[in-house]
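Data file: work_7.cif. Format and content: mmCIF, C-alpha atoms.
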```cif
data_model
loop_
_atom_site.label_atom_id
_atom_site.label_comp_id
_atom_site.auth_asym_id
_atom_site.auth_seq_id
_atom_site.Cartn_x
_atom_site.Cartn_y
_atom_site.Cartn_z
CA PHE A 1 -26.19 -7.34 36.02
CA ALA A 2 -26.88 -6.88 32.32
CA LEU A 3 -25.35 -5.47 29.19
CA SER A 4 -28.77 -4.17 28.25
CA GLU A 5 -27.82 -1.42 25.80
CA VAL A 6 -29.44 -3.27 22.86
CA ARG A 7 -32.78 -3.07 24.62
CA ILE A 8 -32.76 0.70 24.19
CA GLY A 9 -31.18 0.79 20.74
CA MET A 10 -27.59 1.26 21.89
CA ILE A 11 -24.50 -0.97 21.89
CA PRO A 12 -22.08 -1.74 24.76
CA ALA A 13 -19.21 -0.17 22.83
CA THR A 14 -17.22 1.43 25.64
CA ILE A 15 -17.07 -1.65 27.84
CA SER A 16 -16.91 -4.19 25.00
CA PRO A 17 -13.12 -4.62 24.74
CA TYR A 18 -12.88 -5.33 28.46
CA VAL A 19 -15.82 -7.72 28.58
CA ILE A 20 -14.72 -9.61 25.46
CA ALA A 21 -11.17 -9.96 26.80
CA LYS A 22 -12.51 -11.25 30.11
CA ILE A 23 -15.26 -13.66 29.06
CA GLY A 24 -14.54 -14.42 25.41
CA ILE A 25 -16.39 -13.92 22.17
CA PRO A 26 -19.22 -16.50 22.40
CA LYS A 27 -20.44 -15.42 25.85
CA SER A 28 -19.98 -11.73 24.98
CA GLN A 29 -22.04 -12.15 21.83
CA ARG A 30 -24.86 -13.73 23.77
CA LEU A 31 -24.88 -11.00 26.41
CA PHE A 32 -24.41 -8.15 23.92
CA LEU A 33 -27.08 -9.42 21.53
CA THR A 34 -29.75 -10.32 24.08
CA GLY A 35 -29.25 -7.94 26.98
CA GLU A 36 -30.05 -10.90 29.24
CA PRO A 37 -29.61 -10.23 32.93
CA PHE A 38 -27.23 -12.38 34.95
CA ASP A 39 -26.74 -12.69 38.68
CA ALA A 40 -23.70 -12.11 40.86
CA ALA A 41 -22.76 -15.80 40.92
CA GLU A 42 -22.72 -15.88 37.10
CA ALA A 43 -20.69 -12.66 37.02
CA GLN A 44 -18.15 -14.25 39.35
CA GLN A 45 -18.06 -17.47 37.34
CA MET A 46 -17.36 -15.43 34.18
CA GLY A 47 -14.61 -13.50 35.97
CA LEU A 48 -16.40 -10.14 35.90
CA VAL A 49 -16.39 -9.86 39.70
CA SER A 50 -13.86 -11.34 42.08
CA GLU A 51 -16.03 -11.90 45.13
CA VAL A 52 -19.72 -12.27 45.92
CA VAL A 53 -21.04 -11.47 49.39
CA ALA A 54 -24.41 -12.00 51.03
CA ASP A 55 -25.40 -8.46 51.97
CA ALA A 56 -24.32 -4.85 52.52
CA GLU A 57 -22.70 -5.65 55.87
CA ALA A 58 -20.64 -8.44 54.33
CA LEU A 59 -19.72 -6.13 51.44
CA GLN A 60 -18.42 -3.51 53.88
CA ALA A 61 -16.39 -6.16 55.73
CA ALA A 62 -14.95 -7.58 52.49
CA ALA A 63 -14.06 -4.11 51.23
CA GLN A 64 -12.34 -3.24 54.53
CA LYS A 65 -10.41 -6.51 54.46
CA LEU A 66 -9.19 -5.66 50.96
CA CYS A 67 -8.16 -2.16 52.13
CA ASP A 68 -6.28 -3.66 55.07
CA THR A 69 -4.47 -6.07 52.75
CA MET A 70 -3.59 -3.33 50.29
CA THR A 71 -1.94 -1.18 52.95
CA LEU A 72 0.66 -3.92 53.38
CA CYS A 73 1.80 -3.31 49.79
CA ALA A 74 4.21 -0.65 48.56
CA PRO A 75 2.21 2.04 46.71
CA GLU A 76 4.64 2.49 43.80
CA ALA A 77 4.94 -1.27 43.37
CA VAL A 78 1.15 -1.56 43.29
CA ALA A 79 0.96 1.13 40.60
CA ALA A 80 3.73 -0.55 38.60
CA SER A 81 2.01 -3.94 38.95
CA LYS A 82 -1.26 -2.46 37.72
CA ALA A 83 0.51 -1.04 34.66
CA LEU A 84 2.32 -4.34 34.14
CA VAL A 85 -0.94 -6.27 33.98
CA ARG A 86 -2.41 -3.77 31.49
CA ASN A 87 0.70 -3.88 29.30
CA VAL A 88 1.22 -7.65 29.40
CA MET A 89 -2.31 -9.02 29.13
CA ASN A 90 -3.27 -10.64 25.86
CA ARG A 91 0.25 -10.35 24.44
CA GLU A 92 2.18 -13.18 22.92
CA ILE A 93 4.99 -14.45 25.12
CA ASN A 94 8.07 -13.71 23.05
CA HIS A 95 11.44 -11.97 23.35
CA THR A 96 9.88 -8.51 23.09
CA LEU A 97 7.56 -9.21 25.99
CA LYS A 98 10.33 -10.77 28.04
CA ASP A 99 12.55 -7.74 27.40
CA TYR A 100 9.71 -5.46 28.49
CA THR A 101 9.06 -7.36 31.74
CA ASN A 102 12.78 -7.51 32.50
CA SER A 103 13.13 -3.76 31.97
CA GLU A 104 10.14 -3.07 34.24
CA LEU A 105 11.66 -5.26 36.93
CA ALA A 106 14.99 -3.47 36.59
CA LYS A 107 13.26 -0.09 37.06
CA VAL A 108 11.46 -1.22 40.20
CA THR A 109 14.52 -2.81 41.80
CA GLN A 110 16.18 0.62 41.79
CA SER A 111 13.31 2.22 43.71
CA GLN A 112 13.41 3.56 47.25
CA GLU A 113 10.50 1.25 48.09
CA VAL A 114 12.63 -1.82 47.44
CA ALA A 115 15.30 -0.54 49.80
CA ILE A 116 12.71 0.24 52.48
CA GLY A 117 10.94 -3.09 51.99
CA ALA A 118 14.18 -5.11 52.08
CA LYS A 119 15.35 -3.30 55.22
CA ALA A 120 12.01 -3.96 56.94
CA PHE A 121 12.08 -7.61 55.86
CA ARG A 122 15.58 -8.13 57.27
CA ALA A 123 14.54 -6.45 60.52
CA LYS A 124 11.34 -8.56 60.59
CA GLU A 125 9.31 -5.35 60.75
CA LYS A 126 6.58 -3.90 58.62
CA PRO A 127 7.63 -1.18 56.18
CA ALA A 128 6.46 2.38 56.76
CA TRP A 129 3.65 2.19 54.20
CA ALA A 130 2.06 -0.67 56.17
CA ALA A 131 1.21 1.85 58.92
CA SER A 132 -1.22 3.56 56.55
CA LYS A 133 -4.91 3.07 57.15
CA LEU A 134 -7.47 2.88 54.38
CA THR A 135 -11.13 2.96 55.24
CA ALA A 136 -13.64 1.38 52.90
CA LYS A 137 -16.58 3.71 52.36
CA LEU A 138 -19.47 2.28 50.41
#
```
What does this structure look like when you write it as structure tokens?
Amino acid sequence: FALSEVRIGMIPATISPYVIAKIGIPKSQRLFLTGEPFDAAEAQQMGLVSEVVADAEALQAAAQKLCDTMTLCAPEAVAASKALVRNVMNREINHTLKDYTNSELAKVTQSQEVAIGAKAFRAKEKPAWAASKLTAKL
């Protein structure tokens, strides 16, 4: 991996807000200013990747495991959770943020997915969306 734009006269502008938020200013400055390469273990340590695997076969297995796990989750709740992370990250915890998170929770609790999920939970069954199959294709 590398943020090597400076080596060809460019800057890592598009990705910069995400990298800076993830790894902080000092490490970002070093990587942005030098274009130094870093390996997968360093990327994981910085929080840029969540998992490092040994080879392509292990990558396929890890990706499939993630797909299998994701099918257990309600699709609308996953989308709402993704939006929640984007809208909450890097914000001060105050009344405005608490009101926002409470309103998002209230919206979701009224969804059909919650009714389906609760019914399946009480019946000790998997909800309908868990029957879906995702196949990791790399």
- Query: What is the CA of Leu84 (chain A)-CA of Thr96 (chain A) distance in Å, reported with one decimal?
  - Reply: 14.0 Å
- Task: Show which residues sit within 12 Å of Ala21 (chain A), as a list in words. Count only C-alpha atoms, and ignore same-chain residues fewer than 4 positions away.
- Result: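 Answer for this query is Ile15, Ser16, Pro17, Ile25, Pro26, Lys27, Ser28, Met46, Gly47, Leu48, Arg86, Met89, Asn90 and Arg91 of chain A.
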- Query: Could you work out how far CA of Cys73 (chain A) lies from CA of Ala120 (chain A), giving the answer in Å with one decimal?
  - Reply: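 Between CA of Ala120 (chain A) and CA of Cys73 (chain A) the gap is 12.5 Å.
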- Task: Considering only C-alpha atoms, state which residue in the set A:Ala13, A:Val49, A:Val108, A:Ala41 is at the smallest distance from Ala80 (chain A).
- Result: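 Closest to Ala80 (chain A), using only C-alpha atoms: A:Val108.
With CA of Pro37 (chain A) on one side and CA of Lys22 (chain A) on the other, the separation reads 17.4 Å.
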- Message: Env of Lys126 (chain A): 12 Å cut, atoms = all atoms listed in the file, seq-sep filter 2 positions within chain, self excluded. Answer as a ChimeraX atom specification.
- Response: /A:71-74,116-124,128-132
- Message: So that I can see what lies close to Gly35 (chain A), please list as a VMD selection string the residues with an atom at most 8 Å from it, counting only C-alpha atoms and leaving out residues fewer than 4 positions away in the same chain.
- Response: chain A and resid 2 to 7 30 to 31
- With distances taken over all atoms listed in the file, the candidate from A:Leu33, A:Leu97, A:Val114, A:Leu134 nearest Met70 (chain A) is A:Leu134
- Query: Applied to this file, what does the PyMOL selection byres ((chain A and resi 51-63) around 9) return in terms of residues, put as a ChimeraX atom specification?
  - Reply: /A:40-41,43-44,49-50,64-68,135-138
Give, as JSON, the centre coordinates and the x, y and z edge lengths in Å to one decimal for an axis-aligned box around all listed atoms of region 71-80 of chain A, padded by 6 Å on each side.
```
{"center_x": 1.5, "center_y": -0.7, "center_z": 46.0, "size_x": 18.9, "size_y": 18.4, "size_z": 26.8}
```
- Message: Residues near Ser81 (chain A), anyone? I mean within 10 Å using all atoms listed in the file, not counting same-chain ones fewer than 6 positions away, as a PyMOL selection string.
- Response: chain A and resi 75+87+104-105+108
